[in-house]
file query10.csv (CSV, C-alpha atoms)
chain,number,residue,atom,x,y,z
O,1,MET,CA,100.9,102.0,73.3
O,2,THR,CA,103.8,103.1,71.1
O,3,ASN,CA,106.6,100.8,70.0
O,4,ASP,CA,109.1,102.9,72.1
O,5,LEU,CA,107.4,102.1,75.4
O,6,PRO,CA,108.0,99.1,77.6
O,7,VAL,CA,105.2,96.5,77.6
O,8,TYR,CA,102.6,97.1,80.3
O,9,ASP,CA,99.3,95.8,81.4
O,10,HIS,CA,96.5,97.9,82.7
O,11,VAL,CA,93.7,96.2,84.7
O,12,HIS,CA,90.9,98.6,85.2
O,13,GLY,CA,89.2,98.9,88.6
O,14,THR,CA,88.8,101.3,91.5
O,15,GLY,CA,91.4,104.0,92.0
O,16,PRO,CA,93.8,105.4,92.7
O,17,THR,CA,95.8,103.3,90.2
O,18,LEU,CA,98.6,101.2,91.7
O,19,VAL,CA,101.6,101.3,89.4
O,20,PHE,CA,104.1,98.5,90.0
O,21,VAL,CA,107.8,98.6,89.1
O,22,HIS,CA,109.8,95.4,89.5
O,23,TYR,CA,113.3,94.5,90.8
O,24,TRP,CA,116.5,93.7,88.9
O,25,GLY,CA,115.8,90.2,87.6
O,26,GLY,CA,112.1,90.5,87.8
O,27,SER,CA,109.2,91.3,85.5
O,28,ALA,CA,105.6,92.4,85.6
O,29,ARG,CA,104.6,88.9,86.7
O,30,THR,CA,106.6,89.2,89.9
O,31,TRP,CA,103.6,91.0,91.2
O,32,ALA,CA,101.0,88.4,90.1
O,33,SER,CA,100.1,87.1,93.6
O,34,VAL,CA,100.0,90.7,95.0
O,35,ILE,CA,97.6,91.8,92.2
O,36,THR,CA,95.3,88.8,92.8
O,37,GLY,CA,95.1,89.9,96.4
O,38,LEU,CA,94.3,93.5,95.3
O,39,GLY,CA,91.3,92.3,93.2
O,40,GLY,CA,89.1,95.2,92.1
O,41,ARG,CA,91.7,97.9,92.2
O,42,ASP,CA,93.0,99.7,89.1
O,43,ILE,CA,96.4,98.1,88.4
O,44,LEU,CA,99.3,98.9,86.0
O,45,THR,CA,102.3,96.7,85.8
O,46,ILE,CA,105.4,97.2,83.6
O,47,ASP,CA,108.1,95.0,82.1
O,48,SER,CA,111.0,97.4,82.5
O,49,ARG,CA,113.1,98.2,79.5
O,50,GLY,CA,115.4,95.4,78.8
O,51,TRP,CA,113.4,92.8,80.9
O,52,GLY,CA,110.7,90.3,80.2
O,53,ARG,CA,108.5,91.2,77.3
O,54,SER,CA,110.5,94.5,76.9
O,55,SER,CA,113.9,92.7,76.6
O,56,SER,CA,114.2,93.7,72.9
O,57,LEU,CA,113.9,97.4,73.5
O,58,PRO,CA,117.1,99.3,73.0
O,59,GLY,CA,119.0,101.1,75.7
O,60,PRO,CA,120.0,103.0,77.5
O,61,TYR,CA,118.9,101.1,80.6
O,62,SER,CA,119.9,103.7,83.1
O,63,LEU,CA,117.8,104.7,86.2
O,64,GLN,CA,116.9,107.9,84.4
O,65,GLN,CA,115.7,106.0,81.4
O,66,LEU,CA,113.6,103.7,83.6
O,67,THR,CA,112.2,106.7,85.3
O,68,ASN,CA,111.3,108.4,82.0
O,69,ASP,CA,109.7,105.1,80.8
O,70,THR,CA,107.6,104.9,83.9
O,71,LEU,CA,106.3,108.4,83.5
O,72,ASN,CA,105.7,107.8,79.8
O,73,VAL,CA,103.8,104.6,80.4
O,74,ILE,CA,101.6,106.3,83.0
O,75,ALA,CA,100.8,109.1,80.5
O,76,ASP,CA,100.2,106.5,77.7
O,77,ALA,CA,97.7,104.7,79.9
O,78,GLU,CA,96.0,108.0,80.7
O,79,ILE,CA,96.4,107.6,84.4
O,80,ALA,CA,95.9,110.8,86.4
O,81,ASP,CA,95.5,109.5,90.0
O,82,TYR,CA,98.0,106.9,91.2
O,83,MET,CA,100.5,105.6,93.7
O,84,LEU,CA,103.8,103.9,92.8
O,85,VAL,CA,104.9,100.5,94.2
O,86,GLY,CA,108.6,99.9,93.5
O,87,HIS,CA,110.6,96.8,94.5
O,88,SER,CA,114.4,97.0,94.9
O,89,MET,CA,115.7,98.6,91.7
O,90,GLY,CA,112.1,99.6,91.1
O,91,GLY,CA,112.1,101.4,94.4
O,92,LYS,CA,115.0,103.6,93.3
O,93,VAL,CA,113.0,104.4,90.1
O,94,ALA,CA,110.0,105.3,92.3
O,95,GLN,CA,112.1,107.7,94.3
O,96,LEU,CA,113.2,109.4,91.1
O,97,VAL,CA,109.7,109.6,89.8
O,98,ALA,CA,108.5,111.2,93.0
O,99,SER,CA,111.4,113.7,92.9
O,100,ALA,CA,110.0,115.0,89.6
O,101,HIS,CA,106.7,115.9,91.3
O,102,PRO,CA,104.5,114.5,88.6
O,103,ASN,CA,100.8,115.4,88.6
O,104,GLY,CA,98.5,112.8,90.1
O,105,LEU,CA,101.1,111.0,92.2
O,106,ARG,CA,99.7,110.4,95.7
O,107,GLY,CA,102.4,108.4,97.4
O,108,ILE,CA,105.1,105.7,97.0
O,109,VAL,CA,105.5,102.2,98.5
O,110,LEU,CA,109.2,101.2,98.5
O,111,VAL,CA,109.4,97.4,98.9
O,112,GLY,CA,112.9,96.1,99.8
O,113,SER,CA,114.0,99.3,98.0
O,114,ALA,CA,117.5,100.2,97.0
O,115,PRO,CA,118.4,103.1,99.2
O,116,ALA,CA,118.8,106.7,98.1
O,117,ARG,CA,122.5,106.6,99.2
O,118,PRO,CA,124.3,103.4,98.4
O,119,ALA,CA,125.4,101.3,101.3
O,120,ASP,CA,129.1,101.1,102.2
O,121,GLU,CA,129.1,97.5,101.0
O,122,ILE,CA,128.6,98.6,97.4
O,123,THR,CA,132.2,98.5,96.3
O,124,PRO,CA,133.6,98.0,92.8
O,125,GLU,CA,134.5,94.4,93.8
O,126,HIS,CA,130.9,93.8,95.0
O,127,GLN,CA,129.5,95.3,91.8
O,128,GLU,CA,131.6,93.1,89.6
O,129,GLY,CA,130.6,90.0,91.4
O,130,LEU,CA,126.9,90.9,91.4
O,131,SER,CA,127.0,91.5,87.6
O,132,HIS,CA,127.5,87.8,87.1
O,133,ALA,CA,124.7,86.7,89.4
O,134,TYR,CA,122.4,85.8,86.5
O,135,ASP,CA,125.1,84.4,84.1
O,136,SER,CA,123.5,81.0,84.1
O,137,ASP,CA,120.4,79.1,85.3
O,138,GLU,CA,122.6,77.6,88.0
O,139,SER,CA,123.9,80.9,89.2
O,140,ALA,CA,120.5,82.5,89.2
O,141,ALA,CA,119.1,79.6,91.2
O,142,TRP,CA,121.9,79.9,93.7
O,143,ALA,CA,121.3,83.6,94.1
O,144,ARG,CA,117.5,82.9,94.6
O,145,ASP,CA,118.1,80.3,97.3
O,146,ASN,CA,121.0,81.8,99.1
O,147,VAL,CA,120.6,85.5,98.8
O,148,LEU,CA,117.2,86.6,97.5
O,149,THR,CA,114.8,84.6,99.6
O,150,ALA,CA,114.4,83.4,103.2
O,151,THR,CA,111.3,81.3,102.8
O,152,SER,CA,110.2,78.1,100.9
O,153,LEU,CA,108.6,78.8,97.6
O,154,ALA,CA,106.5,76.7,95.2
O,155,ASP,CA,108.4,75.1,92.4
O,156,THR,CA,106.5,77.1,89.8
O,157,VAL,CA,107.6,80.3,91.6
O,158,LYS,CA,111.2,79.2,91.8
O,159,THR,CA,111.2,78.4,88.1
O,160,GLN,CA,109.7,81.8,87.3
O,161,ILE,CA,112.4,83.6,89.3
O,162,VAL,CA,115.2,81.9,87.3
O,163,GLN,CA,113.4,82.5,84.0
O,164,ASP,CA,112.8,86.2,84.7
O,165,SER,CA,116.4,86.6,85.9
O,166,ARG,CA,117.7,85.2,82.6
O,167,SER,CA,115.2,87.0,80.3
O,168,SER,CA,117.0,90.3,80.0
O,169,ALA,CA,119.0,92.0,77.4
O,170,ALA,CA,122.7,91.6,78.4
O,171,ALA,CA,123.2,95.4,78.7
O,172,ALA,CA,120.2,95.7,80.9
O,173,ALA,CA,121.4,93.0,83.2
O,174,ALA,CA,124.8,94.7,83.5
O,175,GLU,CA,123.5,98.3,84.0
O,176,TRP,CA,122.1,97.9,87.5
O,177,PRO,CA,125.0,96.2,89.2
O,178,LEU,CA,127.7,98.1,87.4
O,179,HIS,CA,126.1,101.5,87.6
O,180,GLY,CA,122.6,102.0,89.0
O,181,ILE,CA,123.2,100.3,92.3
O,182,ALA,CA,126.1,102.7,93.1
O,183,GLN,CA,124.3,105.9,92.0
O,184,ASP,CA,123.7,108.3,94.8
O,185,ILE,CA,120.2,109.8,94.4
O,186,SER,CA,119.9,111.2,97.9
O,187,ALA,CA,119.6,114.8,96.6
O,188,GLU,CA,116.8,113.8,94.3
O,189,THR,CA,115.0,111.6,96.9
O,190,SER,CA,115.1,114.6,99.3
O,191,GLN,CA,113.0,116.6,96.8
O,192,ALA,CA,110.1,114.1,97.0
O,193,THR,CA,107.2,115.4,99.0
O,194,VAL,CA,104.6,112.7,98.8
O,195,PRO,CA,104.0,110.2,101.6
O,196,ALA,CA,106.3,107.1,101.5
O,197,LEU,CA,105.8,103.7,103.0
O,198,VAL,CA,109.1,101.7,103.2
O,199,VAL,CA,108.5,97.9,103.5
O,200,THR,CA,111.4,95.6,104.4
O,201,GLY,CA,111.8,91.9,105.0
O,202,GLU,CA,113.2,90.9,108.4
O,203,TYR,CA,115.8,88.6,106.8
O,204,ASP,CA,116.5,90.7,103.7
O,205,GLN,CA,120.2,90.2,102.8
O,206,VAL,CA,120.1,92.5,99.8
O,207,GLU,CA,118.7,95.7,101.4
O,208,PRO,CA,118.8,95.0,105.2
O,209,THR,CA,116.5,97.1,107.4
O,210,ASP,CA,119.4,98.8,109.1
O,211,VAL,CA,120.7,100.0,105.8
O,212,LEU,CA,117.3,101.4,104.9
O,213,ARG,CA,117.1,103.2,108.2
O,214,ARG,CA,120.4,104.9,107.6
O,215,ASN,CA,120.5,105.4,103.8
O,216,LEU,CA,116.8,105.8,102.8
O,217,LEU,CA,114.5,107.0,105.6
O,218,PRO,CA,116.5,110.2,106.3
O,219,TYR,CA,115.9,111.4,102.7
O,220,LEU,CA,112.2,110.9,102.7
O,221,ALA,CA,110.1,113.8,103.9
O,222,HIS,CA,107.1,111.8,105.1
O,223,SER,CA,107.8,108.1,105.6
O,224,GLU,CA,106.8,105.1,107.6
O,225,LEU,CA,108.8,101.8,108.0
O,226,ILE,CA,107.1,98.4,108.2
O,227,VAL,CA,109.1,95.2,108.7
O,228,ILE,CA,107.5,92.0,107.4
O,229,PRO,CA,108.6,89.1,109.6
O,230,ARG,CA,110.5,86.0,108.4
O,231,THR,CA,110.9,87.3,104.9
O,232,GLY,CA,113.8,87.9,102.6
O,233,HIS,CA,114.3,90.3,99.7
O,234,LEU,CA,111.6,88.9,97.3
O,235,ILE,CA,108.7,90.1,99.4
O,236,PRO,CA,106.2,90.2,96.5
O,237,LEU,CA,106.8,86.4,96.0
O,238,GLU,CA,107.6,85.4,99.6
O,239,ALA,CA,104.9,87.3,101.5
O,240,PRO,CA,102.3,88.6,99.0
O,241,THR,CA,99.4,88.4,101.4
O,242,GLU,CA,101.2,90.5,104.0
O,243,LEU,CA,102.3,93.0,101.3
O,244,VAL,CA,98.7,93.3,100.0
O,245,SER,CA,97.6,94.2,103.5
O,246,VAL,CA,100.2,97.0,103.9
O,247,ILE,CA,99.5,98.4,100.4
O,248,GLU,CA,95.8,98.4,101.0
O,249,SER,CA,96.2,100.2,104.3
O,250,PHE,CA,98.5,102.8,102.8
O,251,ALA,CA,96.3,103.4,99.8
O,252,ASN,CA,93.2,103.8,102.0
O,253,SER,CA,95.1,106.3,104.2
O,254,LEU,CA,95.9,108.3,101.1
O,255,SER,CA,92.4,108.2,99.9
O,256,ALA,CA,91.1,109.4,103.3
O,257,ALA,CA,93.6,112.2,103.5
call {"tool": "encode", "arguments": {"input": "query10.csv", "output": "structure tokens"}}
result
Amino acid sequence: MTNDLPVYDHVHGTGPTLVFVHYWGGSARTWASVITGLGGRDILTIDSRGWGRSSSLPGPYSLQQLTNDTLNVIADAEIADYMLVGHSMGGKVAQLVASAHPNGLRGIVLVGSAPARPADEITPEHQEGLSHAYDSDESAAWARDNVLTATSLADTVKTQIVQDSRSSAAAAAAEWPLHGIAQDISAETSQATVPALVVTGEYDQVEPTDVLRRNLLPYLAHSELIVIPRTGHLIPLEAPTELVSVIESFANSLSAA
């Protein structure tokens, strides 16, 4: 792995490889419980540029840079047969990766994904407020408990969420709310041709199901929507068992195709 790449972990197993891209405020370890449930599969997880173990990497931290990083990590790990699993911001990255038609990509799973076309609620005022969500441990904990989740979490998980939210480079933390969240990629997403599974939480306040129906599904050529009951935005942490089930089913369907 070169010094210019984000830090990643590759656990070897049966293919196709599942490549995980985390949310704004997360890290590779956001997926830990999901990966445990997917035991035996080939897994690649990334700490996105500016976050977690990649927090010291220089910018830019734009969606295009995160997309390029994802493709470069996949190449560096010599993965030739894979599907992408992107959460929230990572879902928008997955859409852009798919729009580039890379060799070896079988499909994408978009978990609580940012939509291709920004929701009407994404105003400059909303963006400015969001940019301060992780300014302190207290504000990150408030966002976790009042916006990001709809279920009870173990104290260790709650602590991890705050730590990850606060672990970023300042410019990386600002890039998504001030720029990436408002970027319209509907033209690019419409170019993606691989099958897509959209997974949403019933009580997701960040990317509600109705927004994804309007602003994401119409731009995906081959898509299916699954709603996980009684779950908020942090599906990988709130409902890992249910997420494992839908990922396994989707991966198996692609392998059988």
call {"tool": "closest_residue", "arguments": {"input": "query10.csv", "among": "O:Ser249, O:Thr151, O:Ser190, O:Ser255", "to": "O:Ala221", "atoms": "only C-alpha atoms"}}
result
O:Ser190
call {"tool": "residues_around", "arguments": {"input": "query10.csv", "residues": "stretch 7-21 of chain O", "least_positions_apart": "6", "cutoff": "9 Å", "atoms": "all atoms listed in the file", "output": "JSON list (two decimals) with C-alpha atoms, keeping the file's coordinate frame"}}
result
[["chain", "number", "residue", "atom", "x", "y", "z"],
["O", 1, "MET", "CA", 100.90, 102.00, 73.30],
["O", 27, "SER", "CA", 109.20, 91.30, 85.50],
["O", 28, "ALA", "CA", 105.60, 92.40, 85.60],
["O", 31, "TRP", "CA", 103.60, 91.00, 91.20],
["O", 39, "GLY", "CA", 91.30, 92.30, 93.20],
["O", 40, "GLY", "CA", 89.10, 95.20, 92.10],
["O", 41, "ARG", "CA", 91.70, 97.90, 92.20],
["O", 42, "ASP", "CA", 93.00, 99.70, 89.10],
["O", 43, "ILE", "CA", 96.40, 98.10, 88.40],
["O", 44, "LEU", "CA", 99.30, 98.90, 86.00],
["O", 45, "THR", "CA", 102.30, 96.70, 85.80],
["O", 46, "ILE", "CA", 105.40, 97.20, 83.60],
["O", 47, "ASP", "CA", 108.10, 95.00, 82.10],
["O", 48, "SER", "CA", 111.00, 97.40, 82.50],
["O", 49, "ARG", "CA", 113.10, 98.20, 79.50],
["O", 52, "GLY", "CA", 110.70, 90.30, 80.20],
["O", 53, "ARG", "CA", 108.50, 91.20, 77.30],
["O", 54, "SER", "CA", 110.50, 94.50, 76.90],
["O", 70, "THR", "CA", 107.60, 104.90, 83.90],
["O", 73, "VAL", "CA", 103.80, 104.60, 80.40],
["O", 74, "ILE", "CA", 101.60, 106.30, 83.00],
["O", 77, "ALA", "CA", 97.70, 104.70, 79.90],
["O", 79, "ILE", "CA", 96.40, 107.60, 84.40],
["O", 80, "ALA", "CA", 95.90, 110.80, 86.40],
["O", 81, "ASP", "CA", 95.50, 109.50, 90.00],
["O", 82, "TYR", "CA", 98.00, 106.90, 91.20],
["O", 83, "MET", "CA", 100.50, 105.60, 93.70],
["O", 84, "LEU", "CA", 103.80, 103.90, 92.80],
["O", 85, "VAL", "CA", 104.90, 100.50, 94.20],
["O", 86, "GLY", "CA", 108.60, 99.90, 93.50],
["O", 87, "HIS", "CA", 110.60, 96.80, 94.50],
["O", 88, "SER", "CA", 114.40, 97.00, 94.90],
["O", 89, "MET", "CA", 115.70, 98.60, 91.70],
["O", 90, "GLY", "CA", 112.10, 99.60, 91.10],
["O", 91, "GLY", "CA", 112.10, 101.40, 94.40],
["O", 93, "VAL", "CA", 113.00, 104.40, 90.10],
["O", 94, "ALA", "CA", 110.00, 105.30, 92.30],
["O", 106, "ARG", "CA", 99.70, 110.40, 95.70],
["O", 251, "ALA", "CA", 96.30, 103.40, 99.80],
["O", 255, "SER", "CA", 92.40, 108.20, 99.90]]
call {"tool": "closest_residue", "arguments": {"input": "query10.csv", "among": "O:Ser245, O:Val206, O:Val109, O:Ser131", "to": "O:Glu224", "atoms": "all atoms listed in the file"}}
result
O:Val109
call {"tool": "atom_distance", "arguments": {"input": "query10.csv", "atom1": "atom CA of O:Ala172", "atom2": "atom CA of O:Ala143"}}
result
17.9 Å
call {"tool": "closest_residue", "arguments": {"input": "query10.csv", "among": "O:Ala154, O:Leu105, O:Val199, O:Leu57", "to": "O:Gly232", "atoms": "only C-alpha atoms"}}
result
O:Val199
call {"tool": "closest_residue", "arguments": {"input": "query10.csv", "among": "O:Thr149, O:Leu197, O:Gln127, O:Val211", "to": "O:Phe250", "atoms": "all atoms listed in the file"}}
result
O:Leu197
call {"tool": "atom_distance", "arguments": {"input": "query10.csv", "atom1": "atom CA of O:Val111", "atom2": "atom CA of O:Arg230"}}
result
14.9 Å
call {"tool": "closest_residue", "arguments": {"input": "query10.csv", "among": "O:Thr156, O:Ser165, O:Thr193, O:Gln65", "to": "O:His22", "atoms": "only C-alpha atoms"}}
result
O:Ser165
